[in-house]
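Here's model_38.txt, which has compact mmCIF, C-alpha atoms:
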# COMPACT_ATOMS: atom_id res chain seq x y z
CA MET Y 169 140.39 -164.27 -72.40
CA THR Y 170 143.65 -165.41 -73.94
CA GLY Y 171 144.19 -165.51 -77.71
CA PRO Y 172 144.03 -169.32 -78.31
CA LYS Y 173 141.01 -169.67 -76.06
CA ALA Y 174 139.23 -166.80 -77.82
CA VAL Y 175 139.93 -168.42 -81.20
CA ALA Y 176 138.54 -171.72 -79.90
CA TRP Y 177 135.32 -170.08 -78.71
CA ALA Y 178 135.01 -168.17 -81.98
CA GLY Y 179 135.23 -171.48 -83.84
CA GLY Y 180 132.54 -172.97 -81.62
CA VAL Y 181 130.20 -170.01 -82.26
CA CYS Y 182 130.84 -170.24 -86.00
CA TYR Y 183 129.98 -173.95 -85.89
CA LEU Y 184 126.63 -173.26 -84.23
CA LEU Y 185 125.89 -170.51 -86.75
CA MET Y 186 126.76 -172.79 -89.67
CA THR Y 187 124.60 -175.64 -88.42
CA GLY Y 188 121.78 -173.15 -87.76
CA LEU Y 189 122.00 -171.89 -91.32
CA LEU Y 190 121.99 -175.46 -92.64
CA ALA Y 191 118.94 -176.31 -90.53
CA GLY Y 192 117.00 -173.27 -91.68
CA ALA Y 193 117.96 -173.37 -95.35
CA THR Y 194 114.91 -173.88 -97.60
CA THR Y 195 116.62 -175.34 -100.66
CA ARG Y 196 115.88 -178.21 -102.97
CA ALA Y 197 119.05 -180.00 -101.78
CA SER Y 198 118.60 -183.42 -100.22
CA GLY Y 199 119.19 -184.18 -96.57
CA THR Y 200 122.50 -185.82 -97.46
CA VAL Y 201 123.88 -182.42 -98.51
CA HIS Y 202 122.88 -180.92 -95.16
CA GLY Y 203 124.37 -183.86 -93.29
CA VAL Y 204 127.69 -183.63 -95.14
CA GLY Y 205 127.75 -179.87 -94.61
CA SER Y 206 127.24 -180.34 -90.88
CA LEU Y 207 129.98 -182.97 -90.83
CA LEU Y 208 132.41 -180.58 -92.51
CA ALA Y 209 131.47 -177.75 -90.19
CA VAL Y 210 132.67 -179.75 -87.18
CA SER Y 211 136.23 -178.79 -88.15
CA LEU Y 212 135.43 -175.39 -86.60
CA LEU Y 213 135.23 -177.13 -83.21
CA VAL Y 214 138.86 -178.31 -83.21
CA GLY Y 215 139.98 -175.60 -80.77
CA VAL Y 216 137.12 -176.30 -78.38
CA VAL Y 217 137.66 -180.06 -78.61
CA ARG Y 218 141.31 -179.75 -77.57
CA ARG Y 219 140.58 -177.49 -74.58
CA MET Y 220 137.04 -178.47 -73.49
CA PRO Y 221 136.05 -181.85 -74.98
CA LEU Y 222 132.76 -182.11 -73.10
CA THR Y 223 131.69 -178.61 -74.17
CA ALA Y 224 132.59 -179.46 -77.76
CA LEU Y 225 130.49 -182.63 -77.52
CA ALA Y 226 127.49 -180.62 -76.29
CA MET Y 227 127.90 -178.16 -79.19
CA ALA Y 228 128.17 -181.02 -81.70
CA LEU Y 229 125.03 -182.67 -80.31
CA LEU Y 230 123.13 -179.38 -80.45
CA GLY Y 231 124.25 -178.53 -83.97
CA SER Y 232 123.72 -182.01 -85.41
CA THR Y 233 120.29 -182.33 -83.85
CA ALA Y 234 119.33 -178.93 -85.22
CA VAL Y 235 120.31 -180.05 -88.73
CA VAL Y 236 118.25 -183.24 -88.45
CA VAL Y 237 115.19 -181.64 -86.87
CA GLY Y 238 115.17 -178.22 -88.53
CA THR Y 239 115.86 -179.06 -92.15
CA PRO Y 240 112.57 -179.37 -94.11
CA SER Y 241 112.13 -182.37 -96.38
CA PRO Y 242 112.29 -181.46 -100.07
CA ALA Y 243 109.03 -182.00 -101.91
CA HIS Y 244 110.61 -184.19 -104.57
CA ALA Y 245 112.34 -186.57 -102.10
CA PRO Y 246 110.73 -189.25 -99.99
CA TRP Y 247 110.60 -188.60 -96.25
CA ALA Y 248 112.89 -191.46 -95.21
CA VAL Y 249 115.55 -190.79 -97.84
CA SER Y 250 115.78 -187.15 -96.83
CA TYR Y 251 116.26 -187.82 -93.13
CA GLN Y 252 118.62 -190.76 -93.58
CA GLY Y 253 121.06 -188.41 -95.28
CA GLN Y 254 120.72 -185.78 -92.56
CA PHE Y 255 121.71 -188.36 -89.93
CA LEU Y 256 125.26 -188.12 -91.33
CA SER Y 257 125.63 -185.04 -89.14
CA TYR Y 258 125.69 -187.32 -86.08
CA LEU Y 259 128.97 -188.75 -87.33
CA ALA Y 260 130.54 -185.48 -86.16
CA VAL Y 261 129.17 -186.19 -82.68
CA ASP Y 262 130.69 -189.68 -82.77
CA LEU Y 263 134.10 -188.29 -83.72
CA VAL Y 264 134.06 -185.83 -80.83
CA LEU Y 265 132.81 -188.62 -78.56
CA GLY Y 266 135.83 -190.76 -79.49
CA TYR Y 267 138.16 -187.92 -78.46
CA VAL Y 268 136.27 -187.52 -75.17
CA ILE Y 269 136.72 -191.22 -74.39
CA SER Y 270 140.41 -191.00 -75.23
CA THR Y 271 141.20 -187.99 -73.03
CA CYS Y 272 138.59 -187.59 -70.28
CA THR Y 273 137.97 -189.62 -67.15
CA ARG Y 274 136.10 -192.90 -67.35
CA ARG Y 275 133.10 -191.48 -65.48
CA ALA Y 276 132.85 -188.46 -67.79
CA SER Y 277 133.26 -190.73 -70.81
CA ALA Y 278 130.44 -193.03 -69.62
CA VAL Y 279 128.10 -190.06 -69.13
CA ALA Y 280 129.03 -188.68 -72.57
CA VAL Y 281 128.32 -192.03 -74.26
CA ALA Y 282 124.97 -192.37 -72.47
CA VAL Y 283 123.81 -188.85 -73.38
CA SER Y 284 124.95 -189.15 -77.01
CA PHE Y 285 123.33 -192.54 -77.46
CA THR Y 286 120.06 -191.37 -75.88
CA VAL Y 287 119.80 -188.21 -78.01
CA GLN Y 288 120.57 -190.04 -81.25
CA LEU Y 289 118.16 -192.87 -80.40
CA LEU Y 290 115.31 -190.46 -79.64
CA VAL Y 291 115.86 -188.36 -82.76
CA ILE Y 292 116.21 -191.38 -85.05
CA GLY Y 293 113.09 -192.94 -83.53
CA ALA Y 294 111.13 -189.74 -84.02
CA PHE Y 295 112.10 -189.13 -87.65
CA THR Y 296 112.26 -192.61 -89.19
CA HIS Y 297 109.59 -195.28 -89.58
CA GLY Y 298 109.31 -198.98 -90.27
CA SER Y 299 112.27 -200.82 -91.73
CA ASP Y 300 114.15 -197.51 -92.16
CA LEU Y 301 114.22 -197.15 -88.38
CA THR Y 302 116.08 -200.46 -88.03
CA VAL Y 303 118.60 -199.71 -90.79
CA THR Y 304 119.27 -196.13 -89.69
CA GLY Y 305 119.52 -197.09 -86.01
CA LEU Y 306 121.93 -199.94 -86.79
CA ILE Y 307 124.16 -197.67 -88.88
CA ALA Y 308 124.19 -195.01 -86.17
CA PHE Y 309 124.99 -197.60 -83.51
CA LEU Y 310 127.87 -199.07 -85.53
CA ALA Y 311 129.32 -195.61 -86.22
CA MET Y 312 129.22 -194.77 -82.52
CA ALA Y 313 130.71 -198.15 -81.60
CA VAL Y 314 133.62 -197.69 -84.02
CA CYS Y 315 134.41 -194.20 -82.69
CA CYS Y 316 134.17 -195.39 -79.08
CA ALA Y 317 136.51 -198.30 -79.82
CA ALA Y 318 139.00 -195.89 -81.41
CA GLY Y 319 138.75 -193.68 -78.34
CA LEU Y 320 139.39 -196.63 -75.99
CA LEU Y 321 142.40 -197.64 -78.06
CA GLY Y 322 143.75 -194.12 -77.84
CA ARG Y 323 143.21 -194.09 -74.07
CA GLU Y 324 145.04 -197.41 -73.64
CA ARG Y 325 147.98 -196.22 -75.72
CA ARG Y 326 148.20 -192.98 -73.73
CA GLU Y 327 148.01 -194.81 -70.39
CA HIS Y 328 150.62 -197.30 -71.58
CA ALA Y 329 152.94 -194.44 -72.58
CA VAL Y 330 152.48 -192.83 -69.15
CA ALA Y 331 153.21 -196.15 -67.43
CA LEU Y 332 156.36 -196.61 -69.52
CA ARG Y 333 157.58 -193.13 -68.63
CA SER Y 334 156.91 -193.76 -64.95
CA GLN Y 335 158.77 -197.08 -65.14
CA GLU Y 336 161.74 -195.41 -66.86
CA VAL Y 337 161.86 -192.74 -64.16
CA ALA Y 338 161.67 -195.37 -61.40
CA GLU Y 339 164.44 -197.43 -63.02
CA ALA Y 340 166.60 -194.33 -63.42
CA VAL Y 341 166.10 -193.45 -59.74
CA THR Y 342 166.94 -197.02 -58.69
CA ALA Y 343 170.05 -197.08 -60.87
CA GLU Y 344 171.20 -193.77 -59.40
CA ARG Y 345 170.62 -195.01 -55.86
CA LEU Y 346 172.65 -198.14 -56.59
CA ARG Y 347 175.43 -196.04 -58.11
CA ILE Y 348 175.55 -193.80 -55.03
CA ALA Y 349 175.50 -196.86 -52.76
CA ARG Y 350 178.43 -198.40 -54.66
CA GLU Y 351 180.42 -195.18 -54.56
CA LEU Y 352 179.86 -194.69 -50.83
CA HIS Y 353 180.61 -198.33 -50.05
CA ASP Y 354 183.77 -198.43 -52.13
CA ALA Y 355 184.99 -195.04 -50.93
CA VAL Y 356 184.32 -195.67 -47.24
CA ALA Y 357 184.74 -199.41 -46.68
CA HIS Y 358 188.43 -199.51 -47.59
CA SER Y 359 189.29 -196.50 -45.44
CA ILE Y 360 187.24 -197.64 -42.45
CA GLY Y 361 188.87 -201.06 -42.61
CA ILE Y 362 192.33 -199.52 -42.51
CA ILE Y 363 191.33 -197.14 -39.72
CA ALA Y 364 189.98 -200.03 -37.66
CA ILE Y 365 193.20 -202.02 -38.07
CA GLN Y 366 195.43 -199.03 -37.29
CA ALA Y 367 193.31 -198.16 -34.26
CA GLY Y 368 193.65 -201.73 -33.00
CA VAL Y 369 197.42 -201.64 -33.49
CA GLY Y 370 197.70 -198.29 -31.75
CA SER Y 371 195.65 -199.35 -28.76
CA ARG Y 372 197.83 -202.46 -28.25
CA VAL Y 373 201.21 -200.72 -28.45
CA ILE Y 374 200.42 -197.26 -27.09
CA ARG Y 375 202.11 -198.07 -23.77
CA THR Y 376 204.96 -200.31 -24.90
CA GLN Y 377 205.79 -198.76 -28.32
CA PRO Y 378 204.70 -195.10 -28.40
CA ALA Y 379 206.47 -194.45 -31.71
CA GLN Y 380 204.54 -197.20 -33.50
CA ALA Y 381 201.32 -195.98 -31.90
CA GLY Y 382 202.06 -192.50 -33.21
CA GLU Y 383 202.53 -193.88 -36.74
CA ALA Y 384 199.18 -195.64 -36.45
CA LEU Y 385 197.48 -192.43 -35.37
CA ARG Y 386 199.06 -190.51 -38.25
CA ALA Y 387 197.84 -193.18 -40.67
CA ILE Y 388 194.35 -192.89 -39.19
CA GLU Y 389 194.46 -189.11 -39.60
CA SER Y 390 195.64 -189.31 -43.22
CA THR Y 391 193.09 -191.96 -44.17
CA SER Y 392 190.28 -190.06 -42.45
CA ARG Y 393 191.12 -186.89 -44.34
CA GLU Y 394 191.13 -188.73 -47.66
CA THR Y 395 187.80 -190.35 -46.84
CA LEU Y 396 186.23 -187.04 -45.88
CA ALA Y 397 187.50 -185.49 -49.11
CA GLY Y 398 185.97 -188.33 -51.11
CA LEU Y 399 182.64 -188.01 -49.31
CA ARG Y 400 182.65 -184.25 -49.84
CA ARG Y 401 183.32 -184.75 -53.55
CA THR Y 402 180.42 -187.19 -53.83
CA LEU Y 403 177.97 -185.01 -51.87
CA VAL Y 404 178.91 -181.82 -53.72
CA SER Y 405 178.50 -183.53 -57.09
CA LEU Y 406 175.05 -184.76 -56.01
CA ARG Y 407 174.01 -181.27 -54.92
CA GLN Y 408 175.27 -179.73 -58.14
CA ALA Y 409 173.41 -182.35 -60.18
CA ASP Y 410 170.25 -181.53 -58.23
CA ARG Y 411 170.58 -177.79 -58.79
CA GLY Y 412 171.61 -178.07 -62.40
CA THR Y 413 173.42 -175.03 -63.72
CA THR Y 414 171.83 -172.65 -61.23
CA GLY Y 415 173.32 -171.63 -57.94
CA PRO Y 416 176.71 -170.22 -57.00
CA LYS Y 417 179.79 -171.44 -58.78
CA ARG Y 418 182.03 -173.70 -56.76
CA SER Y 419 185.71 -174.33 -56.98
CA PRO Y 420 186.69 -177.26 -59.20
CA LEU Y 421 186.49 -180.61 -57.46
CA THR Y 422 189.45 -182.90 -57.18
CA PRO Y 423 189.41 -185.51 -59.94
CA SER Y 424 187.91 -188.92 -59.29
CA PRO Y 425 190.47 -191.63 -58.50
CA GLY Y 426 191.68 -193.94 -61.23
CA LEU Y 427 194.29 -196.53 -62.09
CA ALA Y 428 197.03 -193.92 -61.76
CA ASP Y 429 196.26 -193.85 -58.03
CA VAL Y 430 196.69 -197.59 -57.46
CA GLU Y 431 200.24 -197.13 -56.14
CA ARG Y 432 198.99 -194.65 -53.56
CA LEU Y 433 196.23 -197.10 -52.63
CA ALA Y 434 198.85 -199.82 -52.26
CA ALA Y 435 200.88 -197.62 -49.93
CA THR Y 436 197.80 -197.00 -47.78
CA THR Y 437 197.10 -200.73 -47.67
CA ALA Y 438 200.69 -201.40 -46.67
CA ASP Y 439 200.17 -199.15 -43.64
CA ALA Y 440 197.44 -201.59 -42.62
CA GLY Y 441 199.91 -204.48 -42.68
CA VAL Y 442 199.36 -205.90 -46.18
CA ARG Y 443 202.16 -205.38 -48.68
CA VAL Y 444 200.78 -204.89 -52.21
CA GLU Y 445 202.78 -205.69 -55.31
CA VAL Y 446 201.51 -203.73 -58.33
CA CYS Y 447 202.30 -205.07 -61.81
CA ARG Y 448 201.29 -203.41 -65.08
CA SER Y 449 201.47 -204.97 -68.52
CA GLY Y 450 200.69 -203.85 -72.03
CA GLU Y 451 200.75 -200.38 -73.52
CA GLN Y 452 199.43 -198.02 -70.87
CA ARG Y 453 197.03 -195.45 -72.26
CA ALA Y 454 194.18 -193.23 -71.20
CA VAL Y 455 190.90 -195.07 -70.76
CA PRO Y 456 187.37 -193.65 -70.44
CA ALA Y 457 186.63 -192.10 -67.07
CA ASP Y 458 183.92 -194.60 -66.12
CA ILE Y 459 186.18 -197.57 -66.86
CA ASP Y 460 189.10 -195.93 -65.05
CA LEU Y 461 187.02 -195.29 -61.94
CA SER Y 462 185.39 -198.73 -61.97
CA ALA Y 463 188.75 -200.51 -62.31
CA TYR Y 464 190.12 -198.50 -59.39
CA ARG Y 465 187.07 -199.28 -57.25
CA ILE Y 466 187.39 -203.00 -58.01
CA VAL Y 467 191.02 -202.98 -56.89
CA GLN Y 468 190.11 -200.93 -53.82
CA GLU Y 469 187.33 -203.29 -52.76
CA ALA Y 470 189.47 -206.36 -53.40
CA LEU Y 471 192.27 -204.94 -51.24
CA THR Y 472 189.73 -204.12 -48.53
CA ASN Y 473 188.66 -207.76 -48.52
CA VAL Y 474 192.28 -208.87 -48.31
CA VAL Y 475 192.89 -206.63 -45.30
CA ARG Y 476 189.71 -207.77 -43.54
CA HIS Y 477 189.42 -211.44 -44.40
CA ALA Y 478 192.52 -212.94 -45.99
CA GLY Y 479 194.75 -213.07 -42.93
CA THR Y 480 197.87 -212.57 -45.02
CA GLY Y 481 200.56 -209.92 -45.31
CA HIS Y 482 200.98 -209.95 -49.08
CA CYS Y 483 198.90 -209.71 -52.26
CA ARG Y 484 199.45 -208.89 -55.92
CA VAL Y 485 197.58 -206.46 -58.18
CA THR Y 486 197.98 -206.96 -61.93
CA ILE Y 487 196.67 -204.39 -64.43
CA GLY Y 488 196.78 -205.41 -68.08
CA TYR Y 489 196.20 -203.08 -71.02
CA ARG Y 490 195.12 -205.00 -74.08
CA GLU Y 491 193.89 -203.82 -77.44
CA ALA Y 492 190.23 -204.47 -76.75
CA GLU Y 493 189.97 -204.77 -72.99
CA LEU Y 494 191.40 -203.78 -69.63
CA SER Y 495 192.09 -206.59 -67.18
CA VAL Y 496 192.41 -206.19 -63.42
CA GLU Y 497 193.42 -209.01 -61.10
CA VAL Y 498 193.95 -209.10 -57.32
CA VAL Y 499 195.42 -212.30 -55.89
CA ASP Y 500 196.36 -213.14 -52.30
CA ASP Y 501 197.72 -216.23 -50.59
CA GLY Y 502 195.50 -216.02 -47.51
CA ARG Y 503 192.81 -218.33 -46.22
CA GLY Y 504 190.31 -217.65 -49.03
CA ALA Y 505 186.59 -217.08 -48.53
CA THR Y 506 185.06 -217.69 -45.12
CA GLY Y 507 181.51 -218.12 -43.99
CA ASN Y 508 181.10 -214.42 -43.24
CA GLY Y 509 183.76 -213.16 -45.57
CA ALA Y 510 183.96 -211.27 -48.79
CA ALA Y 511 181.81 -213.61 -50.78
CA HIS Y 512 178.79 -212.75 -48.62
CA GLY Y 513 179.08 -208.96 -48.37
CA PHE Y 514 178.12 -206.02 -50.53
CA GLY Y 515 181.61 -205.68 -51.96
CA LEU Y 516 181.37 -208.39 -54.59
CA VAL Y 517 177.81 -207.35 -55.39
CA GLY Y 518 179.03 -203.85 -56.12
CA MET Y 519 181.89 -205.22 -58.24
CA ARG Y 520 179.50 -207.30 -60.33
CA GLU Y 521 177.18 -204.32 -60.81
CA ARG Y 522 180.05 -202.12 -61.97
CA VAL Y 523 181.37 -204.74 -64.38
CA GLY Y 524 177.87 -205.52 -65.65
CA LEU Y 525 177.19 -201.87 -66.44
CA LEU Y 526 180.35 -201.80 -68.54
CA HIS Y 527 179.46 -205.11 -70.28
CA GLY Y 528 182.53 -206.80 -68.82
CA HIS Y 529 183.18 -210.03 -66.96
CA LEU Y 530 184.05 -210.64 -63.30
CA SER Y 531 185.26 -213.79 -61.62
CA ALA Y 532 185.89 -214.06 -57.90
CA GLY Y 533 186.57 -217.06 -55.72
CA PRO Y 534 189.13 -219.10 -53.79
CA ARG Y 535 192.13 -220.48 -55.64
CA PRO Y 536 192.94 -224.20 -55.68
CA GLU Y 537 196.43 -223.52 -54.35
CA GLY Y 538 195.05 -221.31 -51.57
CA GLY Y 539 194.07 -217.69 -51.26
CA PHE Y 540 191.47 -215.67 -53.11
CA ARG Y 541 191.38 -214.23 -56.63
CA VAL Y 542 189.35 -211.38 -58.09
CA ALA Y 543 189.65 -210.81 -61.84
CA ALA Y 544 187.74 -208.38 -64.02
CA ARG Y 545 187.80 -207.80 -67.78
CA LEU Y 546 186.43 -204.48 -69.00
CA PRO Y 547 185.95 -203.81 -72.74
CA LEU Y 548 187.90 -200.83 -74.09
CA PRO Y 549 187.26 -198.60 -77.09
CA ALA Y 550 189.79 -198.43 -79.89
CA PRO Y 551 193.18 -197.05 -78.77
CA VAL Y 552 193.47 -193.27 -79.02
CA THR Y 553 196.58 -192.11 -80.85
CA MET Y 554 196.27 -188.46 -79.83
CA GLY Y 555 198.32 -187.26 -76.89
CA VAL Y 556 196.53 -186.87 -73.59
CA GLU Y 557 197.40 -184.92 -70.51
CA ALA Y 558 198.94 -186.81 -67.66
CA ARG Y 559 196.79 -187.10 -64.63
Turn this file's structure into structure tokens for me.
Amino acid sequence: MTGPKAVAWAGGVCYLLMTGLLAGATTRASGTVHGVGSLLAVSLLVGVVRRMPLTALAMALLGSTAVVVGTPSPAHAPWAVSYQGQFLSYLAVDLVLGYVISTCTRRASAVAVAVSFTVQLLVIGAFTHGSDLTVTGLIAFLAMAVCCAAGLLGRERREHAVALRSQEVAEAVTAERLRIARELHDAVAHSIGIIAIQAGVGSRVIRTQPAQAGEALRAIESTSRETLAGLRRTLVSLRQADRGTTGPKRSPLTPSPGLADVERLAATTADAGVRVEVCRSGEQRAVPADIDLSAYRIVQEALTNVVRHAGTGHCRVTIGYREAELSVEVVDDGRGATGNGAAHGFGLVGMRERVGLLHGHLSAGPRPEGGFRVAARLPLPAPVTMGVEAR
């Protein structure tokens, strides 16, 4: 038997001994003294209550009943007065009963309430008479009702806390799934779109213009390698997050893309037939990693939509560094949104989710003068004056 369990059982045995001594004591003290003594002795059952609530309830019923039944009535006190005081010992039973209701199953709680109520009713009926029976029974019933209500309240609060924790876990899992879905979509959609275009170009000119077909194949190879590297980075980070700090150490992963990589993204998009003009304004500075990655993904998804849906060979990317926010804008002069175009895919949904998580603002839609415009404003922390390493 382990130490805490042995201490709990020792307390339970001491409680039974104390109530036995109170029941057998032949003193001139009134029944109230015995009842209060039994009520104080229930503190010895704390260890048993925490580990075995139903066993503790049985001990409390046995001890309290022994005090009521076994204590002789003093000669100088009336019969009813003596036993009404001794019934205070049943308050200990009600306290344990409240804990049982709060922690045990509903079926066990119902059985415990029925047994406790029956025992107290029988003992009170056997040792009180006349109007004292009504008063004593009513007091005992109210005491039990109050403890049961407290136990039900405790049960509801515990169940509510468990439900809240389960909801938080479910929301965290959903948020993580959405984050992974956005990363995979943004990392893969742009590259697959470029690969599809280059493959189409290569298949059309492979016989008539072998050199151009070779360039298309080299672009497909380069884009595929970059996409595989991005997928590997995402999958490895997920595995490492799942394992925590355990497991073999891996080589450092390549950094996540950011605004410093927009020029390289523009060059890749140009290989797909869309020339990208990149403009930067304001004082360029390091921004938090989540904002840097989100801004890059917004530009990447907007360029993907231009390549797939705009039907134009030119677009402009503007990145503005302001004191309190970072602005990103992608504008093209193509045909704007179509019935099955960008406005109806997962791209804009992912953009809005990213911007919403950063408490920013996104606007996307066709321009009055023609073409499509995507603009995002992302709040920035205060400018950092300390030097930072270049990417």
*So what do you get for CA of Leu525 in chain Y versus CA of Leu546 in chain Y, distance-wise?*
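Separation of CA of Leu525 in chain Y and CA of Leu546 in chain Y: 9.9 Å.
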*Could you check how far CA of Ser232 in chain Y sits from CA of Ala174 in chain Y, in Å to one decimal?*
23.0 Å
*Ala178 in chain Y surroundings by all atoms listed in the file, 12 Å radius, close-in-sequence under 2 positions cut, as a ChimeraX atom specification*: /Y:169,171-176,180-185,212-216
Same residues, C-alpha atoms, output as an mmCIF file, in the frame of the given file:
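The resulting file, out-v8.cif, is reproduced below:
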data_model
loop_
_atom_site.group_PDB
_atom_site.id
_atom_site.type_symbol
_atom_site.label_atom_id
_atom_site.label_comp_id
_atom_site.auth_asym_id
_atom_site.auth_seq_id
_atom_site.Cartn_x
_atom_site.Cartn_y
_atom_site.Cartn_z
ATOM 1 C CA MET Y 169 140.390 -164.270 -72.400
ATOM 2 C CA GLY Y 171 144.190 -165.510 -77.710
ATOM 3 C CA PRO Y 172 144.030 -169.320 -78.310
ATOM 4 C CA LYS Y 173 141.010 -169.670 -76.060
ATOM 5 C CA ALA Y 174 139.230 -166.800 -77.820
ATOM 6 C CA VAL Y 175 139.930 -168.420 -81.200
ATOM 7 C CA ALA Y 176 138.540 -171.720 -79.900
ATOM 8 C CA GLY Y 180 132.540 -172.970 -81.620
ATOM 9 C CA VAL Y 181 130.200 -170.010 -82.260
ATOM 10 C CA CYS Y 182 130.840 -170.240 -86.000
ATOM 11 C CA TYR Y 183 129.980 -173.950 -85.890
ATOM 12 C CA LEU Y 184 126.630 -173.260 -84.230
ATOM 13 C CA LEU Y 185 125.890 -170.510 -86.750
ATOM 14 C CA LEU Y 212 135.430 -175.390 -86.600
ATOM 15 C CA LEU Y 213 135.230 -177.130 -83.210
ATOM 16 C CA VAL Y 214 138.860 -178.310 -83.210
ATOM 17 C CA GLY Y 215 139.980 -175.600 -80.770
ATOM 18 C CA VAL Y 216 137.120 -176.300 -78.380
#
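Atom pair CA of Arg218 in chain Y / CA of Leu263 in chain Y: separated by 12.8 Å.
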*Find the residue from Y:Thr480, Y:Thr436, Y:Ser334, Y:Ser531 that sits nearest to Glu497 in chain Y; use all atoms listed in the file when measuring.*
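Smallest distance to Glu497 in chain Y is found for Y:Ser531.
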_Contacts of Val279 in chain Y at 12 Å (all atoms listed in the file; same-chain gap of 2+ positions) as a ChimeraX atom specification_ = /Y:222,225-226,265,268-269,272-277,281-286
Range 472-489 of chain Y: axis-aligned bounding box, 3 Å on each side, centre and edge lengths in Å, one decimal, as JSON:
{"center_x": 194.8, "center_y": -208.1, "center_z": -57.0, "size_x": 18.3, "size_y": 16.0, "size_z": 34.1}
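Nearest residue to Ala343 in chain Y among Y:Gly502, Y:Ala543, Y:Arg375, Y:Arg522 is Y:Arg522, counting all atoms listed in the file.
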_Which residue of Y:Ile365, Y:His482, Y:His527, Y:Ala338 approaches Leu385 in chain Y most closely, using only C-alpha atoms_ =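 Going through Y:Ile365, Y:His482, Y:His527, Y:Ala338 one by one, the smallest distance to Leu385 in chain Y is for Y:Ile365.
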